[in-house]
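Next up, my_file.cif (mmCIF, N, CA, C and O atoms):
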data_input
#
loop_
_atom_site.group_PDB
_atom_site.id
_atom_site.type_symbol
_atom_site.label_atom_id
_atom_site.label_comp_id
_atom_site.auth_asym_id
_atom_site.auth_seq_id
_atom_site.Cartn_x
_atom_site.Cartn_y
_atom_site.Cartn_z
ATOM 1 N N MET C 447 0.815 -1.208 0.000
ATOM 2 C CA MET C 447 0.000 0.000 0.000
ATOM 3 C C MET C 447 0.856 1.269 0.000
ATOM 4 O O MET C 447 0.524 2.196 -0.706
ATOM 5 N N PRO C 448 1.939 1.348 0.777
ATOM 6 C CA PRO C 448 2.757 2.569 0.742
ATOM 7 C C PRO C 448 3.340 2.849 -0.641
ATOM 8 O O PRO C 448 3.497 4.006 -1.019
ATOM 9 N N ASP C 449 3.663 1.787 -1.396
ATOM 10 C CA ASP C 449 4.203 1.998 -2.738
ATOM 11 C C ASP C 449 3.150 2.610 -3.662
ATOM 12 O O ASP C 449 3.457 3.448 -4.507
ATOM 13 N N TYR C 450 1.926 2.180 -3.521
ATOM 14 C CA TYR C 450 0.842 2.722 -4.325
ATOM 15 C C TYR C 450 0.640 4.207 -4.010
ATOM 16 O O TYR C 450 0.429 5.023 -4.905
ATOM 17 N N ILE C 451 0.734 4.573 -2.756
ATOM 18 C CA ILE C 451 0.572 5.976 -2.359
ATOM 19 C C ILE C 451 1.767 6.793 -2.831
ATOM 20 O O ILE C 451 1.617 7.951 -3.216
ATOM 21 N N ALA C 452 2.963 6.210 -2.813
ATOM 22 C CA ALA C 452 4.135 6.916 -3.329
ATOM 23 C C ALA C 452 3.976 7.188 -4.816
ATOM 24 O O ALA C 452 4.406 8.235 -5.318
ATOM 25 N N TRP C 453 3.359 6.261 -5.526
ATOM 26 C CA TRP C 453 3.112 6.435 -6.953
ATOM 27 C C TRP C 453 2.166 7.610 -7.210
ATOM 28 O O TRP C 453 2.263 8.299 -8.214
ATOM 29 N N LEU C 454 1.262 7.854 -6.259
ATOM 30 C CA LEU C 454 0.326 8.969 -6.387
ATOM 31 C C LEU C 454 0.906 10.283 -5.864
ATOM 32 O O LEU C 454 0.207 11.293 -5.832
ATOM 33 N N ASN C 455 2.160 10.272 -5.421
ATOM 34 C CA ASN C 455 2.842 11.453 -4.886
ATOM 35 C C ASN C 455 2.137 12.035 -3.663
ATOM 36 O O ASN C 455 1.987 13.246 -3.530
ATOM 37 N N GLN C 456 1.729 11.181 -2.772
ATOM 38 C CA GLN C 456 1.100 11.600 -1.519
ATOM 39 C C GLN C 456 2.075 11.309 -0.371
ATOM 40 O O GLN C 456 1.970 10.317 0.326
ATOM 41 N N ALA C 457 3.039 12.172 -0.173
ATOM 42 C CA ALA C 457 4.123 11.928 0.777
ATOM 43 C C ALA C 457 3.631 11.858 2.221
ATOM 44 O O ALA C 457 4.094 11.021 3.001
ATOM 45 N N LYS C 458 2.703 12.725 2.602
ATOM 46 C CA LYS C 458 2.238 12.731 3.995
ATOM 47 C C LYS C 458 1.475 11.460 4.328
ATOM 48 O O LYS C 458 1.685 10.862 5.387
ATOM 49 N N ILE C 459 0.606 11.042 3.427
ATOM 50 C CA ILE C 459 -0.173 9.822 3.667
ATOM 51 C C ILE C 459 0.750 8.604 3.663
ATOM 52 O O ILE C 459 0.596 7.689 4.470
ATOM 53 N N ARG C 460 1.741 8.604 2.759
ATOM 54 C CA ARG C 460 2.687 7.486 2.701
ATOM 55 C C ARG C 460 3.473 7.378 4.000
ATOM 56 O O ARG C 460 3.710 6.282 4.508
ATOM 57 N N LYS C 461 3.861 8.507 4.562
ATOM 58 C CA LYS C 461 4.607 8.492 5.815
ATOM 59 C C LYS C 461 3.769 7.879 6.939
ATOM 60 O O LYS C 461 4.285 7.127 7.770
ATOM 61 N N ILE C 462 2.484 8.174 6.957
ATOM 62 C CA ILE C 462 1.580 7.598 7.961
ATOM 63 C C ILE C 462 1.496 6.084 7.789
ATOM 64 O O ILE C 462 1.591 5.329 8.758
ATOM 65 N N PHE C 463 1.337 5.634 6.548
ATOM 66 C CA PHE C 463 1.237 4.197 6.298
ATOM 67 C C PHE C 463 2.529 3.469 6.644
ATOM 68 O O PHE C 463 2.507 2.372 7.198
ATOM 69 N N VAL C 464 3.659 4.061 6.318
ATOM 70 C CA VAL C 464 4.945 3.434 6.632
ATOM 71 C C VAL C 464 5.132 3.337 8.134
ATOM 72 O O VAL C 464 5.611 2.320 8.654
ATOM 73 N N SER C 465 4.735 4.362 8.870
ATOM 74 C CA SER C 465 4.883 4.320 10.328
ATOM 75 C C SER C 465 3.918 3.306 10.954
ATOM 76 O O SER C 465 4.221 2.736 11.995
ATOM 77 N N MET C 466 2.790 3.060 10.331
ATOM 78 C CA MET C 466 1.828 2.087 10.844
ATOM 79 C C MET C 466 2.251 0.655 10.536
ATOM 80 O O MET C 466 1.828 -0.274 11.232
ATOM 81 N N THR C 467 3.078 0.465 9.521
ATOM 82 C CA THR C 467 3.443 -0.882 9.089
ATOM 83 C C THR C 467 4.139 -1.664 10.192
ATOM 84 O O THR C 467 3.802 -2.822 10.444
ATOM 85 N N LEU C 468 5.100 -1.067 10.865
ATOM 86 C CA LEU C 468 5.817 -1.758 11.936
ATOM 87 C C LEU C 468 4.869 -2.126 13.078
ATOM 88 O O LEU C 468 4.892 -3.253 13.569
ATOM 89 N N GLY C 469 4.039 -1.204 13.481
ATOM 90 C CA GLY C 469 3.093 -1.477 14.561
ATOM 91 C C GLY C 469 2.105 -2.574 14.211
ATOM 92 O O GLY C 469 1.808 -3.445 15.028
ATOM 93 N N LEU C 470 1.596 -2.563 12.987
ATOM 94 C CA LEU C 470 0.658 -3.599 12.569
ATOM 95 C C LEU C 470 1.339 -4.957 12.440
ATOM 96 O O LEU C 470 0.730 -5.991 12.727
ATOM 97 N N THR C 471 2.591 -4.960 12.047
ATOM 98 C CA THR C 471 3.331 -6.219 11.966
ATOM 99 C C THR C 471 3.536 -6.816 13.351
ATOM 100 O O THR C 471 3.314 -8.010 13.566
ATOM 101 N N ILE C 472 3.933 -5.984 14.296
ATOM 102 C CA ILE C 472 4.112 -6.449 15.675
ATOM 103 C C ILE C 472 2.789 -6.936 16.247
ATOM 104 O O ILE C 472 2.728 -7.983 16.898
ATOM 105 N N PHE C 473 1.714 -6.203 15.983
ATOM 106 C CA PHE C 473 0.393 -6.612 16.462
ATOM 107 C C PHE C 473 -0.016 -7.957 15.866
ATOM 108 O O PHE C 473 -0.551 -8.821 16.568
ATOM 109 N N GLY C 474 0.239 -8.163 14.585
ATOM 110 C CA GLY C 474 -0.113 -9.425 13.937
ATOM 111 C C GLY C 474 0.649 -10.604 14.504
ATOM 112 O O GLY C 474 0.085 -11.678 14.726
ATOM 113 N N VAL C 475 1.931 -10.416 14.766
ATOM 114 C CA VAL C 475 2.737 -11.500 15.344
ATOM 115 C C VAL C 475 2.269 -11.795 16.769
ATOM 116 O O VAL C 475 2.143 -12.961 17.164
ATOM 117 N N MET C 476 1.987 -10.752 17.536
ATOM 118 C CA MET C 476 1.516 -10.961 18.907
ATOM 119 C C MET C 476 0.168 -11.666 18.925
ATOM 120 O O MET C 476 -0.047 -12.583 19.723
ATOM 121 N N LEU C 477 -0.741 -11.251 18.056
ATOM 122 C CA LEU C 477 -2.072 -11.861 18.018
ATOM 123 C C LEU C 477 -1.983 -13.332 17.649
ATOM 124 O O LEU C 477 -2.617 -14.187 18.278
ATOM 125 N N SER C 478 -1.172 -13.648 16.661
ATOM 126 C CA SER C 478 -1.012 -15.039 16.254
ATOM 127 C C SER C 478 -0.352 -15.868 17.347
ATOM 128 O O SER C 478 -0.765 -16.997 17.616
ATOM 129 N N THR C 479 0.670 -15.316 17.981
ATOM 130 C CA THR C 479 1.355 -16.038 19.055
ATOM 131 C C THR C 479 0.413 -16.307 20.219
ATOM 132 O O THR C 479 0.365 -17.425 20.752
ATOM 133 N N LEU C 480 -0.352 -15.313 20.609
ATOM 134 C CA LEU C 480 -1.279 -15.501 21.728
ATOM 135 C C LEU C 480 -2.382 -16.485 21.381
ATOM 136 O O LEU C 480 -2.820 -17.272 22.223
ATOM 137 N N HIS C 481 -2.832 -16.468 20.137
ATOM 138 C CA HIS C 481 -3.871 -17.398 19.711
ATOM 139 C C HIS C 481 -3.346 -18.839 19.764
ATOM 140 O O HIS C 481 -4.007 -19.728 20.305
ATOM 141 N N GLN C 482 -2.153 -19.060 19.218
ATOM 142 C CA GLN C 482 -1.576 -20.399 19.238
ATOM 143 C C GLN C 482 -1.295 -20.856 20.665
ATOM 144 O O GLN C 482 -1.512 -22.024 21.005
ATOM 145 N N ALA C 483 -0.818 -19.960 21.500
ATOM 146 C CA ALA C 483 -0.524 -20.319 22.884
ATOM 147 C C ALA C 483 -1.808 -20.685 23.627
ATOM 148 O O ALA C 483 -1.815 -21.610 24.444
ATOM 149 N N ALA C 484 -2.890 -19.973 23.350
ATOM 150 C CA ALA C 484 -4.162 -20.286 24.006
ATOM 151 C C ALA C 484 -4.684 -21.651 23.564
ATOM 152 O O ALA C 484 -5.211 -22.419 24.377
ATOM 153 N N LEU C 485 -4.546 -21.957 22.289
ATOM 154 C CA LEU C 485 -4.983 -23.276 21.818
ATOM 155 C C LEU C 485 -4.151 -24.388 22.450
ATOM 156 O O LEU C 485 -4.678 -25.432 22.839
ATOM 157 N N ASN C 486 -2.852 -24.174 22.535
ATOM 158 C CA ASN C 486 -1.989 -25.192 23.140
ATOM 159 C C ASN C 486 -2.194 -25.289 24.643
ATOM 160 O O ASN C 486 -1.969 -26.349 25.227
ATOM 161 N N ALA C 487 -2.617 -24.210 25.276
ATOM 162 C CA ALA C 487 -2.838 -24.236 26.724
ATOM 163 C C ALA C 487 -4.028 -25.118 27.099
ATOM 164 O O ALA C 487 -4.124 -25.580 28.237
ATOM 165 N N MET C 488 -4.918 -25.360 26.152
ATOM 166 C CA MET C 488 -6.051 -26.243 26.446
ATOM 167 C C MET C 488 -5.575 -27.648 26.792
ATOM 168 O O MET C 488 -6.205 -28.357 27.558
ATOM 169 N N PHE C 489 -4.446 -28.073 26.220
ATOM 170 C CA PHE C 489 -3.903 -29.379 26.557
ATOM 171 C C PHE C 489 -3.417 -29.423 28.005
ATOM 172 O O PHE C 489 -3.393 -30.485 28.628
ATOM 173 N N LEU C 490 -3.011 -28.286 28.533
ATOM 174 C CA LEU C 490 -2.557 -28.245 29.924
ATOM 175 C C LEU C 490 -3.728 -28.325 30.895
ATOM 176 O O LEU C 490 -3.574 -28.774 32.028
ATOM 177 N N LEU C 491 -4.904 -27.885 30.450
ATOM 178 C CA LEU C 491 -6.067 -27.911 31.326
ATOM 179 C C LEU C 491 -6.626 -29.324 31.481
ATOM 180 O O LEU C 491 -7.245 -29.639 32.486
ATOM 181 N N ALA C 492 -6.429 -30.140 30.474
ATOM 182 C CA ALA C 492 -6.967 -31.501 30.508
ATOM 183 C C ALA C 492 -5.864 -32.491 30.145
ATOM 184 O O ALA C 492 -5.839 -33.016 29.031
ATOM 185 N N PRO C 493 -4.940 -32.767 31.070
ATOM 186 C CA PRO C 493 -3.841 -33.669 30.723
ATOM 187 C C PRO C 493 -4.318 -35.078 30.394
ATOM 188 O O PRO C 493 -3.619 -35.817 29.700
ATOM 189 N N GLY C 494 -5.495 -35.459 30.845
ATOM 190 C CA GLY C 494 -6.034 -36.782 30.522
ATOM 191 C C GLY C 494 -6.397 -36.922 29.054
ATOM 192 O O GLY C 494 -6.505 -38.030 28.537
ATOM 193 N N LYS C 495 -6.587 -35.817 28.376
ATOM 194 C CA LYS C 495 -6.936 -35.840 26.956
ATOM 195 C C LYS C 495 -5.714 -35.996 26.060
ATOM 196 O O LYS C 495 -5.840 -36.307 24.890
ATOM 197 N N VAL C 496 -4.533 -35.753 26.614
ATOM 198 C CA VAL C 496 -3.302 -35.853 25.842
ATOM 199 C C VAL C 496 -2.748 -37.263 26.008
ATOM 200 O O VAL C 496 -2.686 -37.792 27.116
ATOM 201 N N HIS C 497 -2.360 -37.865 24.915
ATOM 202 C CA HIS C 497 -1.775 -39.205 24.966
ATOM 203 C C HIS C 497 -0.499 -39.170 25.821
ATOM 204 O O HIS C 497 0.281 -38.219 25.728
ATOM 205 N N PRO C 498 -0.277 -40.183 26.650
ATOM 206 C CA PRO C 498 0.913 -40.176 27.519
ATOM 207 C C PRO C 498 2.226 -40.052 26.758
ATOM 208 O O PRO C 498 3.218 -39.553 27.307
ATOM 209 N N LEU C 499 2.247 -40.480 25.527
ATOM 210 C CA LEU C 499 3.460 -40.346 24.734
ATOM 211 C C LEU C 499 3.813 -38.884 24.501
ATOM 212 O O LEU C 499 4.978 -38.515 24.452
ATOM 213 N N TRP C 500 2.797 -38.022 24.385
ATOM 214 C CA TRP C 500 3.021 -36.621 24.062
ATOM 215 C C TRP C 500 3.038 -35.715 25.275
ATOM 216 O O TRP C 500 3.463 -34.572 25.193
ATOM 217 N N TYR C 501 2.549 -36.190 26.420
ATOM 218 C CA TYR C 501 2.503 -35.322 27.601
ATOM 219 C C TYR C 501 3.868 -35.289 28.284
ATOM 220 O O TYR C 501 4.475 -36.314 28.561
ATOM 221 N N THR C 502 4.346 -34.083 28.534
ATOM 222 C CA THR C 502 5.624 -33.888 29.202
ATOM 223 C C THR C 502 5.531 -32.633 30.062
ATOM 224 O O THR C 502 4.642 -31.800 29.870
ATOM 225 N N SER C 503 6.445 -32.499 30.999
ATOM 226 C CA SER C 503 6.455 -31.302 31.836
ATOM 227 C C SER C 503 6.912 -30.075 31.051
ATOM 228 O O SER C 503 6.738 -28.946 31.491
ATOM 229 N N TYR C 504 7.499 -30.305 29.883
ATOM 230 C CA TYR C 504 7.949 -29.200 29.025
ATOM 231 C C TYR C 504 6.864 -28.739 28.054
ATOM 232 O O TYR C 504 7.136 -27.939 27.170
ATOM 233 N N LEU C 505 5.654 -29.242 28.210
ATOM 234 C CA LEU C 505 4.575 -28.905 27.280
ATOM 235 C C LEU C 505 4.315 -27.402 27.170
ATOM 236 O O LEU C 505 4.112 -26.904 26.059
ATOM 237 N N PRO C 506 4.345 -26.617 28.263
ATOM 238 C CA PRO C 506 4.153 -25.161 28.091
ATOM 239 C C PRO C 506 5.233 -24.522 27.228
ATOM 240 O O PRO C 506 4.940 -23.653 26.403
ATOM 241 N N TRP C 507 6.489 -24.956 27.390
ATOM 242 C CA TRP C 507 7.571 -24.390 26.580
ATOM 243 C C TRP C 507 7.435 -24.818 25.119
ATOM 244 O O TRP C 507 7.670 -24.025 24.212
ATOM 245 N N LEU C 508 7.068 -26.062 24.905
ATOM 246 C CA LEU C 508 6.884 -26.527 23.540
ATOM 247 C C LEU C 508 5.722 -25.795 22.862
ATOM 248 O O LEU C 508 5.786 -25.467 21.677
ATOM 249 N N ALA C 509 4.660 -25.528 23.624
ATOM 250 C CA ALA C 509 3.525 -24.789 23.075
ATOM 251 C C ALA C 509 3.930 -23.369 22.715
ATOM 252 O O ALA C 509 3.548 -22.843 21.664
ATOM 253 N N PHE C 510 4.736 -22.749 23.555
ATOM 254 C CA PHE C 510 5.176 -21.378 23.283
ATOM 255 C C PHE C 510 6.080 -21.329 22.059
ATOM 256 O O PHE C 510 5.936 -20.451 21.204
ATOM 257 N N ILE C 511 6.988 -22.281 21.955
ATOM 258 C CA ILE C 511 7.890 -22.307 20.795
ATOM 259 C C ILE C 511 7.111 -22.552 19.510
ATOM 260 O O ILE C 511 7.360 -21.931 18.491
ATOM 261 N N SER C 512 6.131 -23.449 19.554
ATOM 262 C CA SER C 512 5.328 -23.700 18.359
ATOM 263 C C SER C 512 4.465 -22.482 18.017
ATOM 264 O O SER C 512 4.197 -22.218 16.842
ATOM 265 N N ALA C 513 4.047 -21.731 19.042
ATOM 266 C CA ALA C 513 3.269 -20.508 18.777
ATOM 267 C C ALA C 513 4.115 -19.467 18.084
ATOM 268 O O ALA C 513 3.640 -18.755 17.191
ATOM 269 N N ILE C 514 5.383 -19.358 18.463
ATOM 270 C CA ILE C 514 6.280 -18.416 17.798
ATOM 271 C C ILE C 514 6.471 -18.822 16.336
ATOM 272 O O ILE C 514 6.416 -17.985 15.436
ATOM 273 N N GLY C 515 6.672 -20.103 16.113
ATOM 274 C CA GLY C 515 6.812 -20.592 14.744
ATOM 275 C C GLY C 515 5.556 -20.347 13.916
ATOM 276 O O GLY C 515 5.640 -19.951 12.745
ATOM 277 N N GLY C 516 4.394 -20.563 14.518
ATOM 278 C CA GLY C 516 3.143 -20.288 13.811
ATOM 279 C C GLY C 516 2.948 -18.814 13.523
ATOM 280 O O GLY C 516 2.414 -18.430 12.477
ATOM 281 N N ALA C 517 3.389 -17.979 14.442
ATOM 282 C CA ALA C 517 3.248 -16.534 14.235
ATOM 283 C C ALA C 517 4.144 -16.044 13.105
ATOM 284 O O ALA C 517 3.738 -15.189 12.313
ATOM 285 N N MET C 518 5.344 -16.589 13.022
ATOM 286 C CA MET C 518 6.241 -16.152 11.962
ATOM 287 C C MET C 518 5.823 -16.692 10.594
ATOM 288 O O MET C 518 6.116 -16.075 9.577
ATOM 289 N N ALA C 519 5.139 -17.825 10.600
ATOM 290 C CA ALA C 519 4.675 -18.373 9.313
ATOM 291 C C ALA C 519 3.565 -17.511 8.777
ATOM 292 O O ALA C 519 3.414 -17.290 7.619
#
Rewrite the structure from the file as structure tokens, please.
Amino acid sequence: MPDYIAWLNQAKIRKIFVSMTLGLTIFGVMLSTLHQAALNAMFLLAPGKVHPLWYTSYLPWLAFISAIGGAMA
């Protein structure tokens, strides 16, 4: 979008969009990470639902790491 505005020679509007890009990117990564972490946290609430092969005391850390990977994807 900022490139399209630059093509129209709207410098002030382009500056606003460029400054919003970083904030929106951070917000998107945070939203995705929190969403994935919340889904993975459901396994911690009901350990009986998780197969014993997959249940470990490191499950919160594994959920957080997978949430980061999902957010970056």
Report summary line: For Leu508 (chain C), the closest of C:Asn455, C:Asn486, C:Ser478, C:Ser465 counting all atoms listed in the file is C:Asn486
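Nearest residue to Pro506 (chain C) among C:Val475, C:Val464, C:Ala484, C:Leu454 is C:Ala484, counting only C-alpha atoms.
Shell of Ala509 (chain C) at 8 Å, with only C-alpha atoms counted and residues fewer than 6 places along the chain excluded, is Gln482, Ala483, Asn486 and Ala487 of chain C.
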Selected residues written out, N, CA, C and O atoms, as a PDB file, in the frame of the given file:
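Below is the file out.pdb, written as the result:
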ATOM      1  N   GLN C 482      -2.153 -19.060  19.218  1.00  0.00           N
ATOM      2  CA  GLN C 482      -1.576 -20.399  19.238  1.00  0.00           C
ATOM      3  C   GLN C 482      -1.295 -20.856  20.665  1.00  0.00           C
ATOM      4  O   GLN C 482      -1.512 -22.024  21.005  1.00  0.00           O
ATOM      5  N   ALA C 483      -0.818 -19.960  21.500  1.00  0.00           N
ATOM      6  CA  ALA C 483      -0.524 -20.319  22.884  1.00  0.00           C
ATOM      7  C   ALA C 483      -1.808 -20.685  23.627  1.00  0.00           C
ATOM      8  O   ALA C 483      -1.815 -21.610  24.444  1.00  0.00           O
ATOM      9  N   ASN C 486      -2.852 -24.174  22.535  1.00  0.00           N
ATOM     10  CA  ASN C 486      -1.989 -25.192  23.140  1.00  0.00           C
ATOM     11  C   ASN C 486      -2.194 -25.289  24.643  1.00  0.00           C
ATOM     12  O   ASN C 486      -1.969 -26.349  25.227  1.00  0.00           O
ATOM     13  N   ALA C 487      -2.617 -24.210  25.276  1.00  0.00           N
ATOM     14  CA  ALA C 487      -2.838 -24.236  26.724  1.00  0.00           C
ATOM     15  C   ALA C 487      -4.028 -25.118  27.099  1.00  0.00           C
ATOM     16  O   ALA C 487      -4.124 -25.580  28.237  1.00  0.00           O
TER      17      ALA C 487
END
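Across C:Met466, C:Pro498, C:Ala457, C:Thr479, the tightest approach to Phe510 (chain C) is made by C:Thr479 when counting only N, CA, C and O atoms.
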Requested in this report: Check chain C with DSSP on the backbone and list each residue it calls helix (DSSP H, G or I), as a ChimeraX atom specification.
Outcome: /C:448-453,457-491,493-495,505-518
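Coordinates place atom N of Leu480 (chain C) at a distance of 7.3 Å from atom N of Ile514 (chain C).
A straight line drawn from CA of Tyr501 (chain C) to CA of Phe489 (chain C) is 8.8 Å long.
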